[in-house]
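Structure file target_19.txt (compact mmCIF, C-alpha atoms and all ligand atoms) follows.
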```txt
# COMPACT_ATOMS: atom_id res chain seq x y z
CA MET J 1 -35.68 31.57 -108.52
CA GLU J 2 -35.19 28.91 -111.19
CA SER J 3 -37.07 26.17 -109.43
CA SER J 4 -40.17 25.19 -111.34
CA ALA J 5 -41.36 22.25 -109.31
CA SER J 6 -43.93 20.18 -111.13
CA ALA J 7 -45.23 18.55 -107.94
CA PRO J 8 -45.09 14.97 -109.21
CA GLY J 9 -46.41 13.71 -105.88
CA ILE J 10 -49.71 15.58 -106.14
CA PRO J 11 -52.50 14.43 -108.47
CA LEU J 12 -53.46 17.00 -111.08
CA TYR J 13 -56.91 17.73 -112.47
CA LYS J 14 -57.54 16.13 -115.86
CA GLN J 15 -60.59 16.58 -118.07
CA SER J 16 -62.65 13.39 -117.95
CA GLY J 17 -63.13 13.29 -121.73
CA LYS J 18 -66.90 13.25 -121.27
CA THR J 19 -69.38 15.56 -122.98
CA GLY J 20 -72.98 16.57 -122.32
CA ILE J 21 -75.52 15.49 -124.97
CA ALA J 22 -75.80 19.04 -126.32
CA GLY J 23 -72.04 19.62 -126.09
CA PRO J 24 -71.09 19.11 -129.76
CA PHE J 25 -73.97 21.37 -130.88
CA THR J 26 -73.31 24.25 -128.49
CA THR J 27 -69.56 24.07 -129.15
CA PHE J 28 -70.27 24.40 -132.89
CA LEU J 29 -73.21 26.81 -132.77
CA PHE J 30 -71.75 29.51 -130.49
CA PRO J 31 -68.82 30.36 -132.82
CA ALA J 32 -70.89 29.59 -135.96
CA ILE J 33 -73.85 31.87 -135.14
CA VAL J 34 -72.49 34.61 -132.90
CA GLY J 35 -69.11 34.32 -134.65
CA SER J 36 -70.78 34.93 -138.04
CA ILE J 37 -72.31 38.19 -136.82
CA ILE J 38 -68.87 39.30 -135.63
CA ALA J 39 -67.41 38.06 -138.95
CA VAL J 40 -69.67 40.44 -140.89
CA ALA J 41 -68.62 43.36 -138.67
CA TYR J 42 -64.96 42.34 -139.03
CA ALA J 43 -65.22 42.08 -142.85
CA TYR J 44 -66.74 45.56 -143.17
CA LEU J 45 -64.24 47.05 -140.73
CA ILE J 46 -61.21 45.71 -142.60
CA TYR J 47 -62.79 46.95 -145.83
CA TRP J 48 -63.37 50.47 -144.46
CA ILE J 49 -60.13 50.84 -142.51
CA PRO J 50 -57.22 51.44 -144.88
CA PHE J 51 -54.46 50.86 -142.32
CA ILE J 52 -52.92 47.41 -142.66
CA TYR J 53 -51.56 47.30 -139.08
CA LEU J 54 -54.93 48.16 -137.61
CA ASN J 55 -56.43 45.45 -139.81
CA PHE J 56 -54.04 42.88 -138.38
CA ILE J 57 -54.93 43.89 -134.82
CA LEU J 58 -58.60 43.42 -135.77
CA THR J 59 -57.72 39.99 -137.20
CA PHE J 60 -56.32 38.93 -133.80
CA VAL J 61 -59.36 40.40 -132.01
CA PHE J 62 -61.66 38.42 -134.34
CA GLY J 63 -59.69 35.23 -133.59
CA PHE J 64 -59.91 35.85 -129.84
CA PHE J 65 -63.66 36.43 -130.02
CA LEU J 66 -64.04 33.08 -131.80
CA ALA J 67 -61.94 31.34 -129.12
CA ILE J 68 -64.10 32.89 -126.39
CA LEU J 69 -67.22 31.68 -128.22
CA VAL J 70 -65.88 28.11 -128.55
CA ASN J 71 -65.13 28.12 -124.81
CA ALA J 72 -68.56 29.54 -123.98
CA GLY J 73 -70.24 26.89 -126.14
CA ALA J 74 -68.14 24.11 -124.60
CA LYS J 75 -68.95 25.38 -121.11
CA ALA J 76 -72.68 25.58 -121.85
CA GLY J 77 -72.64 22.03 -123.24
CA HIS J 78 -70.59 20.54 -120.37
CA VAL J 79 -67.73 19.58 -122.70
CA ARG J 80 -64.74 18.09 -120.84
CA SER J 81 -63.14 16.68 -123.95
CA VAL J 82 -60.34 18.29 -125.95
CA PRO J 83 -61.19 16.39 -129.19
CA VAL J 84 -64.86 17.54 -129.03
CA ARG J 85 -63.72 21.11 -128.39
CA PHE J 86 -61.25 20.87 -131.27
CA ILE J 87 -63.51 19.23 -133.87
CA PHE J 88 -66.84 20.99 -133.22
CA GLY J 89 -65.32 24.29 -132.06
CA GLY J 90 -63.00 24.12 -135.08
CA LEU J 91 -65.94 23.60 -137.45
CA GLY J 92 -67.74 26.57 -135.90
CA VAL J 93 -64.62 28.74 -136.32
CA LEU J 94 -64.29 27.61 -139.97
CA PHE J 95 -67.92 28.50 -140.57
CA ALA J 96 -67.44 32.04 -139.18
CA TYR J 97 -64.23 32.35 -141.21
CA TYR J 98 -66.17 31.46 -144.37
CA VAL J 99 -68.86 34.04 -143.53
CA HIS J 100 -66.13 36.67 -143.25
CA TRP J 101 -65.21 35.98 -146.92
CA VAL J 102 -68.84 36.24 -148.00
CA ALA J 103 -69.28 39.54 -146.14
CA TRP J 104 -65.98 40.92 -147.37
CA ILE J 105 -66.92 40.34 -151.03
CA ALA J 106 -70.27 41.97 -150.29
CA ALA J 107 -68.42 44.95 -148.81
CA LEU J 108 -66.36 45.19 -152.00
CA GLY J 109 -69.61 45.45 -153.94
CA GLY J 110 -69.73 41.91 -155.31
CA GLY J 111 -73.03 40.99 -153.68
CA TRP J 112 -73.70 38.26 -151.13
CA ILE J 113 -72.23 35.11 -152.68
CA LEU J 114 -73.07 32.26 -150.31
CA ASN J 115 -72.17 29.32 -152.53
CA PRO J 116 -68.50 28.25 -152.18
CA LEU J 117 -68.48 27.17 -155.84
CA GLU J 118 -69.14 30.79 -156.79
CA LEU J 119 -67.17 32.38 -153.95
CA PHE J 120 -63.78 30.89 -154.88
CA PRO J 121 -63.90 32.08 -158.53
CA ALA J 122 -64.85 35.54 -157.21
CA LEU J 123 -61.80 35.52 -154.94
CA LYS J 124 -59.65 34.54 -157.94
CA VAL J 125 -60.89 37.60 -159.82
CA ILE J 126 -60.18 39.83 -156.80
CA LYS J 127 -56.71 38.35 -156.50
CA LEU J 128 -56.09 39.15 -160.17
CA LEU J 129 -57.48 42.69 -160.15
CA GLY J 130 -56.32 43.65 -156.72
CA THR J 131 -58.08 45.36 -153.88
CA TRP J 132 -57.51 47.78 -151.03
CA GLY J 133 -54.05 48.53 -150.10
CA ILE J 134 -51.52 50.37 -148.22
CA GLY J 135 -52.49 53.81 -149.49
CA ARG J 136 -55.90 53.00 -150.91
CA GLY J 137 -57.21 55.69 -153.19
CA GLU J 138 -53.79 56.48 -154.57
CA GLY J 139 -54.04 53.75 -157.14
CA THR J 140 -51.81 51.24 -155.38
CA ALA J 141 -54.08 48.25 -155.13
CA VAL J 142 -52.66 45.06 -153.68
CA SER J 143 -52.99 42.04 -155.92
CA GLY J 144 -51.49 38.73 -156.97
CA THR J 145 -49.08 36.78 -154.81
CA PHE J 146 -48.72 39.57 -152.22
CA LEU J 147 -52.46 39.65 -151.68
CA LEU J 148 -52.55 35.86 -151.47
CA ILE J 149 -49.82 35.89 -148.79
CA ILE J 150 -51.81 38.44 -146.77
CA TRP J 151 -54.91 36.25 -147.07
CA ILE J 152 -52.96 33.19 -145.90
CA ILE J 153 -51.50 35.05 -142.91
CA GLU J 154 -54.95 36.39 -142.05
CA GLY J 155 -56.45 32.88 -142.27
CA LEU J 156 -53.71 31.38 -140.11
CA ILE J 157 -54.23 34.06 -137.44
CA ILE J 158 -58.02 33.62 -137.34
CA LEU J 159 -58.00 29.82 -137.39
CA GLY J 160 -54.89 29.54 -135.20
CA VAL J 161 -56.03 31.95 -132.50
CA GLY J 162 -59.65 30.83 -132.74
CA ILE J 163 -59.02 27.11 -132.50
CA LEU J 164 -55.78 26.79 -130.53
CA SER J 165 -56.53 29.27 -127.76
CA SER J 166 -59.91 27.65 -127.21
CA MET J 167 -58.00 24.45 -126.33
CA MET J 168 -56.47 26.13 -123.29
CA SER J 169 -59.43 26.15 -120.98
CA ASP J 170 -58.52 26.34 -117.29
CA LEU J 171 -61.98 25.54 -116.02
CA ILE J 172 -62.43 22.62 -113.66
CA TYR J 173 -65.51 20.41 -113.76
CA CYS J 174 -67.00 18.51 -110.85
CA GLU J 175 -68.02 15.10 -112.24
CA ARG J 176 -70.02 14.32 -109.13
CA CYS J 177 -72.24 17.44 -109.25
CA HIS J 178 -72.19 17.93 -113.04
CA ARG J 179 -71.16 21.57 -112.80
CA TRP J 180 -68.18 23.79 -113.43
CA THR J 181 -66.40 24.99 -110.32
CA SER J 182 -66.07 28.62 -109.32
CA VAL J 183 -62.68 30.20 -109.80
CA TYR J 184 -61.08 32.22 -107.03
CA ASP J 185 -58.45 33.84 -109.15
CA SER J 186 -58.60 36.90 -106.93
CA LEU J 187 -56.74 35.21 -104.09
CA GLY J 188 -53.78 37.29 -105.18
CA GLY J 189 -50.08 36.97 -104.51
CA ALA J 190 -48.46 34.79 -101.87
CA ASP J 191 -45.12 35.45 -100.19
CA VAL J 192 -42.22 33.55 -101.77
CA GLU J 193 -40.56 33.29 -98.33
CA GLY J 194 -40.13 29.58 -97.69
CA ALA J 195 -40.92 28.70 -101.31
CA GLU J 196 -38.13 26.08 -101.44
CA ALA J 197 -39.71 24.18 -98.52
CA LEU J 198 -43.06 24.50 -100.28
CA PHE J 199 -41.72 23.01 -103.51
CA ASP J 200 -40.01 20.18 -101.62
CA GLY J 201 -43.28 19.46 -99.83
CA LEU J 202 -45.18 19.44 -103.13
CA ASP J 203 -42.60 17.05 -104.59
CA ARG J 204 -43.26 14.68 -101.71
CA GLY J 205 -46.99 14.92 -102.37
CA GLU J 206 -47.81 16.94 -99.24
CA ALA J 207 -50.78 18.93 -100.47
CA GLU J 208 -51.36 20.34 -96.94
CA ILE J 209 -48.31 22.55 -97.36
CA LEU J 210 -50.33 24.74 -99.75
CA GLY J 211 -52.42 25.79 -96.76
CA THR J 212 -49.36 27.58 -95.36
CA LEU J 213 -49.25 30.17 -98.18
CA LYS J 214 -49.65 33.71 -96.87
CA PRO J 215 -50.36 36.97 -98.69
CA VAL J 216 -47.34 38.88 -99.91
CA SER J 217 -46.70 42.38 -98.61
CA PRO J 218 -47.51 45.14 -101.11
CA GLY J 219 -44.79 46.23 -103.52
CA ALA J 220 -42.87 42.92 -103.54
CA SER J 221 -40.90 42.26 -106.71
CA GLN J 222 -41.85 38.59 -106.79
CA TYR J 223 -44.68 36.49 -105.49
CA LEU J 224 -46.67 33.32 -106.12
CA LYS J 225 -49.98 33.90 -107.90
CA VAL J 226 -52.58 31.65 -106.30
CA ASP J 227 -55.73 30.44 -108.09
CA VAL J 228 -58.19 28.16 -106.34
CA CYS J 229 -61.12 26.33 -107.95
CA ARG J 230 -63.52 24.34 -105.82
CA CYS J 231 -66.96 22.81 -105.88
CA GLU J 232 -68.94 24.33 -103.03
CA LYS J 233 -71.82 21.94 -103.64
CA CYS J 234 -70.17 18.62 -102.72
CA GLN J 235 -67.21 20.24 -100.95
CA ASP J 236 -65.15 17.38 -102.28
CA LEU J 237 -63.24 18.91 -105.18
CA SER J 238 -60.66 21.67 -105.02
CA ALA J 239 -57.69 22.47 -107.18
CA VAL J 240 -54.86 24.96 -106.75
CA THR J 241 -52.82 26.58 -109.50
CA LEU J 242 -49.58 28.35 -108.63
CA LYS J 243 -47.54 30.65 -110.83
CA HIS J 244 -44.32 32.42 -109.94
CA VAL J 245 -44.48 36.10 -110.91
CA GLU J 246 -41.43 38.31 -111.07
CA ILE J 247 -41.74 42.03 -111.67
CA THR J 248 -38.81 43.83 -113.21
CA LEU J 249 -38.32 47.36 -114.48
CA ASP J 250 -37.13 47.81 -118.04
CA ASP J 251 -34.69 50.58 -118.96
CA LYS J 252 -37.57 53.03 -119.39
CA GLY J 253 -38.74 52.29 -115.84
CA LYS J 254 -41.80 50.43 -117.06
CA GLU J 255 -42.94 47.39 -115.08
CA GLU J 256 -42.72 44.01 -116.75
CA SER J 257 -43.98 40.83 -115.18
CA LYS J 258 -42.79 37.35 -116.02
CA GLU J 259 -44.93 34.34 -115.13
CA THR J 260 -43.64 30.80 -114.65
CA ASP J 261 -45.98 27.87 -114.03
CA ILE J 262 -45.27 26.05 -110.76
CA VAL J 263 -48.20 23.69 -110.61
CA GLU J 264 -51.50 23.66 -112.52
CA GLY J 265 -54.73 22.25 -111.17
CA ALA J 266 -53.21 20.38 -108.20
CA LEU J 267 -56.03 18.43 -106.53
CA VAL J 268 -55.95 19.17 -102.81
CA PRO J 269 -58.22 18.16 -99.91
CA TYR J 270 -61.13 20.60 -99.50
CA PRO J 271 -60.00 21.80 -96.02
CA VAL J 272 -56.61 22.78 -97.49
CA ALA J 273 -58.25 25.02 -100.09
CA ASP J 274 -60.54 26.36 -97.38
CA GLN J 275 -57.56 27.21 -95.18
CA LEU J 276 -55.84 28.86 -98.13
CA ILE J 277 -58.87 31.03 -98.93
CA ARG J 278 -59.16 32.02 -95.25
CA ASN J 279 -55.46 32.97 -95.15
CA PHE J 280 -56.08 35.42 -97.96
CA ASP J 281 -59.57 36.56 -96.97
CA GLY J 282 -58.20 37.94 -93.71
CA GLU J 283 -55.89 40.24 -95.63
CA ARG J 284 -58.25 41.30 -98.37
CA SER J 285 -60.21 44.43 -97.77
ZN ZN R 301 -69.17 18.88 -106.64
```
Just give me the structure as structure tokens.
Amino acid sequence: MESSASAPGIPLYKQSGKTGIAGPFTTFLFPAIVGSIIAVAYAYLIYWIPFIYLNFILTFVFGFFLAILVNAGAKAGHVRSVPVRFIFGGLGVLFAYYVHWVAWIAALGGGWILNPLELFPALKVIKLLGTWGIGRGEGTAVSGTFLLIIWIIEGLIILGVGILSSMMSDLIYCERCHRWTSVYDSLGGADVEGAEALFDGLDRGEAEILGTLKPVSPGASQYLKVDVCRCEKCQDLSAVTLKHVEITLDDKGKEESKETDIVEGALVPYPVADQLIRNFDGERS
């Protein structure tokens, strides 16, 4: 199924660009404070663990933790603005990244150097003399340009994962009630039978057609993944996200699933979302 209807006829949820008064602070402080604690743990772990591949996995994990913290801070501060998320979340991520350098030098035995004016010269010395390496303890320290490249890659992963993935929040905010909506991502898979008619209907702006989605029978190789967000307080805001999922077996017989976005955050009348949830509730045990 190649069709990836974008449902031009149906309005999509868009962040309002507004921010709660505390928003910039919480978005900065969550990654800066909690992220710094994780940064110290990360610095000591990469110092103790001599396996470079494991270190890189930890680098990604550190980046993901920072992204989660930016999102948590933005959620706590009612931030519905990508620039606020980017600037203040980004500053918080940079702060935690800096703390990781401080802790790493401390782990190496250089003491806790907090001042950047002293930290950078210390890093220059480490770059010159070399440090841990692939095969630490056998006298093969990594130094010079190679070490610098590793540091740059590490920095790009932490800042890239930390800042960019925190931009991709799928939460929906009710401007009327000043609250985030609940997510019903457990609605599960819908039958693709009649999907063409569904896409045509969406193209024509017929949101009601989403209420016709029915649960897929178990073991199907493709289905539509249905997520519903709605504000139960005012019962006036509901959004549906649809993804096409196809499950294939690779040559080793292992399942692989491929997701294609159909429509993201389509604003639908509350009764339509209600109908949709009831369609799936009946089947869920
Ligand atoms: Zn509401």
Have a look at J:Ala103, J:Leu224, J:Ile10, J:Val93 and name the one nearest to Leu164 of chain J; count all atoms listed in the file.
J:Val93
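Proximity to Ile158 of chain J was assessed for J:Ala39, J:Leu29, J:Cys229, J:Ile262 counting all atoms listed in the file; the smallest distance is recorded for J:Ala39.
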Nearest candidate to Asp203 of chain J (options J:Gly9, J:Asp170, J:Leu54, J:Pro31; using only C-alpha atoms):
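So, comparing all the options, the nearest one is J:Gly9.
Atom CA of Gln222 of chain J is found 4.3 Å from atom CA of Glu246 of chain J.
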For the atom pair atom CA of Lys124 of chain J and atom CA of Ile150 of chain J, what is the interatomic distance in Å to one decimal place?
14.2 Å
Throw together the list of residues within 10 Å of ligand ZN 301 (chain R), counting all atoms listed in the file, and drop it here as a list in words.
Tyr173, Cys174, Glu175, Arg176, Cys177, His178, Arg179, Trp180, Thr181, Arg230, Cys231, Glu232, Lys233, Cys234, Gln235, Asp236, Leu237 and Ser238 of chain J
If you keep C-alpha atoms, can you produce a file of those selected residues as a compact mmCIF listing (two decimals), in the coordinates of the input?
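Dumped everything to out_12.txt:
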```txt
# COMPACT_ATOMS: atom_id res chain seq x y z
CA TYR J 173 -65.51 20.41 -113.76
CA CYS J 174 -67.00 18.51 -110.85
CA GLU J 175 -68.02 15.10 -112.24
CA ARG J 176 -70.02 14.32 -109.13
CA CYS J 177 -72.24 17.44 -109.25
CA HIS J 178 -72.19 17.93 -113.04
CA ARG J 179 -71.16 21.57 -112.80
CA TRP J 180 -68.18 23.79 -113.43
CA THR J 181 -66.40 24.99 -110.32
CA ARG J 230 -63.52 24.34 -105.82
CA CYS J 231 -66.96 22.81 -105.88
CA GLU J 232 -68.94 24.33 -103.03
CA LYS J 233 -71.82 21.94 -103.64
CA CYS J 234 -70.17 18.62 -102.72
CA GLN J 235 -67.21 20.24 -100.95
CA ASP J 236 -65.15 17.38 -102.28
CA LEU J 237 -63.24 18.91 -105.18
CA SER J 238 -60.66 21.67 -105.02
```
Report the distance between atom CA of Ile149 of chain J and atom CA of Leu129 of chain J in Å, rounded to one decimal place.
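Going from atom CA of Ile149 of chain J over to atom CA of Leu129 of chain J, I get 15.3 Å.
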Which residue, J:Trp101, J:Leu249, J:Ala190, J:Phe60, has the smallest gap to Tyr223 of chain J when you use all atoms listed in the file?
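Once distances to Tyr223 of chain J are computed over all atoms listed in the file, the minimum belongs to J:Ala190.
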Can you work out which one of J:Ile153, J:Leu159, J:Leu69, J:Ala239 has the shortest atom-to-atom distance to Ile38 of chain J, counting all atoms listed in the file?
J:Leu69
Nearest-residue call for Gly89 of chain J, choices J:Thr59, J:Gln275, J:Gln15, J:Ser165, using only C-alpha atoms:
J:Ser165
Take the point (-49.1, 26.0, -111.8) as written in the file and pick out every residue within 8 Å of it, counting all atoms listed in the file; give the list as a list in words.
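Neighbouring residues, ordered by chain and number, come to Ser6, Val240, Thr241, Leu242, Lys243, Thr260, Asp261, Ile262, Val263, Glu264, Gly265 and Ala266 of chain J.
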Write out as a ChimeraX atom specification each polymer residue whose atoms come within 9 Å of Ile113 of chain J, counting all atoms listed in the file; drop sequence neighbours fewer than 4 positions from it.
/J:102-103,105-106,118-119,122
Taking C-alpha atoms for each residue, export the selection above as a short mmCIF file (atom, residue, chain, number, x, y, z; two decimals), in the coordinates of the input.
```cif
data_model
loop_
_atom_site.label_atom_id
_atom_site.label_comp_id
_atom_site.auth_asym_id
_atom_site.auth_seq_id
_atom_site.Cartn_x
_atom_site.Cartn_y
_atom_site.Cartn_z
CA VAL J 102 -68.84 36.24 -148.00
CA ALA J 103 -69.28 39.54 -146.14
CA ILE J 105 -66.92 40.34 -151.03
CA ALA J 106 -70.27 41.97 -150.29
CA GLU J 118 -69.14 30.79 -156.79
CA LEU J 119 -67.17 32.38 -153.95
CA ALA J 122 -64.85 35.54 -157.21
#
```
Using all atoms listed in the file, which protein or nucleic acid residues come within 12 Å of Glu154 of chain J? Drop anything in the same chain fewer than 4 positions from it, and give the result as number ranges by chain.
J: 43, 46, 52-53, 55-63, 97, 100-101, 147-150, 158-162
Segment 19-25 of chain J surroundings by all atoms listed in the file, 7 Å radius, close-in-sequence under 3 positions cut, as a ChimeraX atom specification
/J:28-29,74,77-81,84,88
Box for segment 44-49 of chain J: with edges along x, y and z, all listed atoms inside and 8 Å added on each side, what are the centre and edge lengths in Å to one decimal, as AutoDock Vina command-line options?
```
--center_x -63.4 --center_y 48.2 --center_z -143.3 --size_x 22.6 --size_y 21.3 --size_z 21.1
```
Where atoms are lacking, segment 234-260 of chain J completed to N, CA and C atoms, as a short mmCIF file (atom, residue, chain, number, x, y, z; two decimals), in the frame of the given file:
```cif
data_model
loop_
_atom_site.label_atom_id
_atom_site.label_comp_id
_atom_site.auth_asym_id
_atom_site.auth_seq_id
_atom_site.Cartn_x
_atom_site.Cartn_y
_atom_site.Cartn_z
N CYS J 234 -70.50 19.88 -103.40
CA CYS J 234 -70.17 18.62 -102.72
C CYS J 234 -69.04 18.82 -101.72
N GLN J 235 -68.36 19.95 -101.80
CA GLN J 235 -67.21 20.24 -100.95
C GLN J 235 -66.21 19.09 -100.97
N ASP J 236 -66.02 18.54 -102.16
CA ASP J 236 -65.15 17.38 -102.28
C ASP J 236 -64.09 17.57 -103.35
N LEU J 237 -64.19 18.69 -104.09
CA LEU J 237 -63.24 18.91 -105.18
C LEU J 237 -62.63 20.30 -105.06
N SER J 238 -61.32 20.36 -104.96
CA SER J 238 -60.66 21.67 -105.02
C SER J 238 -59.29 21.52 -105.66
N ALA J 239 -58.95 22.51 -106.45
CA ALA J 239 -57.69 22.47 -107.18
C ALA J 239 -56.99 23.81 -107.05
N VAL J 240 -55.67 23.75 -106.93
CA VAL J 240 -54.86 24.96 -106.75
C VAL J 240 -53.88 25.08 -107.91
N THR J 241 -53.80 26.29 -108.46
CA THR J 241 -52.82 26.58 -109.50
C THR J 241 -51.87 27.66 -108.98
N LEU J 242 -50.58 27.40 -109.11
CA LEU J 242 -49.58 28.35 -108.63
C LEU J 242 -48.70 28.80 -109.78
N LYS J 243 -48.48 30.12 -109.84
CA LYS J 243 -47.54 30.65 -110.83
C LYS J 243 -46.56 31.57 -110.11
N HIS J 244 -45.30 31.50 -110.50
CA HIS J 244 -44.32 32.42 -109.94
C HIS J 244 -44.32 33.68 -110.79
N VAL J 245 -44.47 34.84 -110.17
CA VAL J 245 -44.48 36.10 -110.91
C VAL J 245 -43.32 36.96 -110.44
N GLU J 246 -42.56 37.43 -111.39
CA GLU J 246 -41.43 38.31 -111.07
C GLU J 246 -41.63 39.62 -111.81
N ILE J 247 -41.54 40.72 -111.05
CA ILE J 247 -41.74 42.03 -111.67
C ILE J 247 -40.40 42.74 -111.78
N THR J 248 -40.07 43.11 -112.98
CA THR J 248 -38.81 43.83 -113.21
C THR J 248 -39.12 45.15 -113.89
N LEU J 249 -38.17 46.08 -113.80
CA LEU J 249 -38.32 47.36 -114.48
C LEU J 249 -37.43 47.33 -115.71
N ASP J 250 -37.98 47.72 -116.85
CA ASP J 250 -37.13 47.81 -118.04
C ASP J 250 -36.38 49.14 -118.01
N ASP J 251 -35.55 49.38 -119.01
CA ASP J 251 -34.69 50.58 -118.96
C ASP J 251 -35.47 51.89 -119.02
N LYS J 252 -36.76 51.80 -119.40
CA LYS J 252 -37.57 53.03 -119.39
C LYS J 252 -38.34 53.16 -118.07
N GLY J 253 -38.08 52.23 -117.14
CA GLY J 253 -38.74 52.29 -115.84
C GLY J 253 -40.15 51.73 -115.87
N LYS J 254 -40.47 51.01 -116.95
CA LYS J 254 -41.80 50.43 -117.06
C LYS J 254 -41.81 49.01 -116.46
N GLU J 255 -42.88 48.71 -115.72
CA GLU J 255 -42.94 47.39 -115.08
C GLU J 255 -43.22 46.28 -116.08
N GLU J 256 -42.46 45.18 -115.93
CA GLU J 256 -42.72 44.01 -116.75
C GLU J 256 -42.86 42.83 -115.82
N SER J 257 -43.88 42.00 -116.06
CA SER J 257 -43.98 40.83 -115.18
C SER J 257 -43.81 39.55 -115.98
N LYS J 258 -43.07 38.62 -115.36
CA LYS J 258 -42.79 37.35 -116.02
C LYS J 258 -43.42 36.23 -115.19
N GLU J 259 -44.24 35.42 -115.85
CA GLU J 259 -44.93 34.34 -115.13
C GLU J 259 -44.34 32.98 -115.47
N THR J 260 -44.10 32.17 -114.44
CA THR J 260 -43.64 30.80 -114.65
C THR J 260 -44.61 29.86 -113.94
#
```
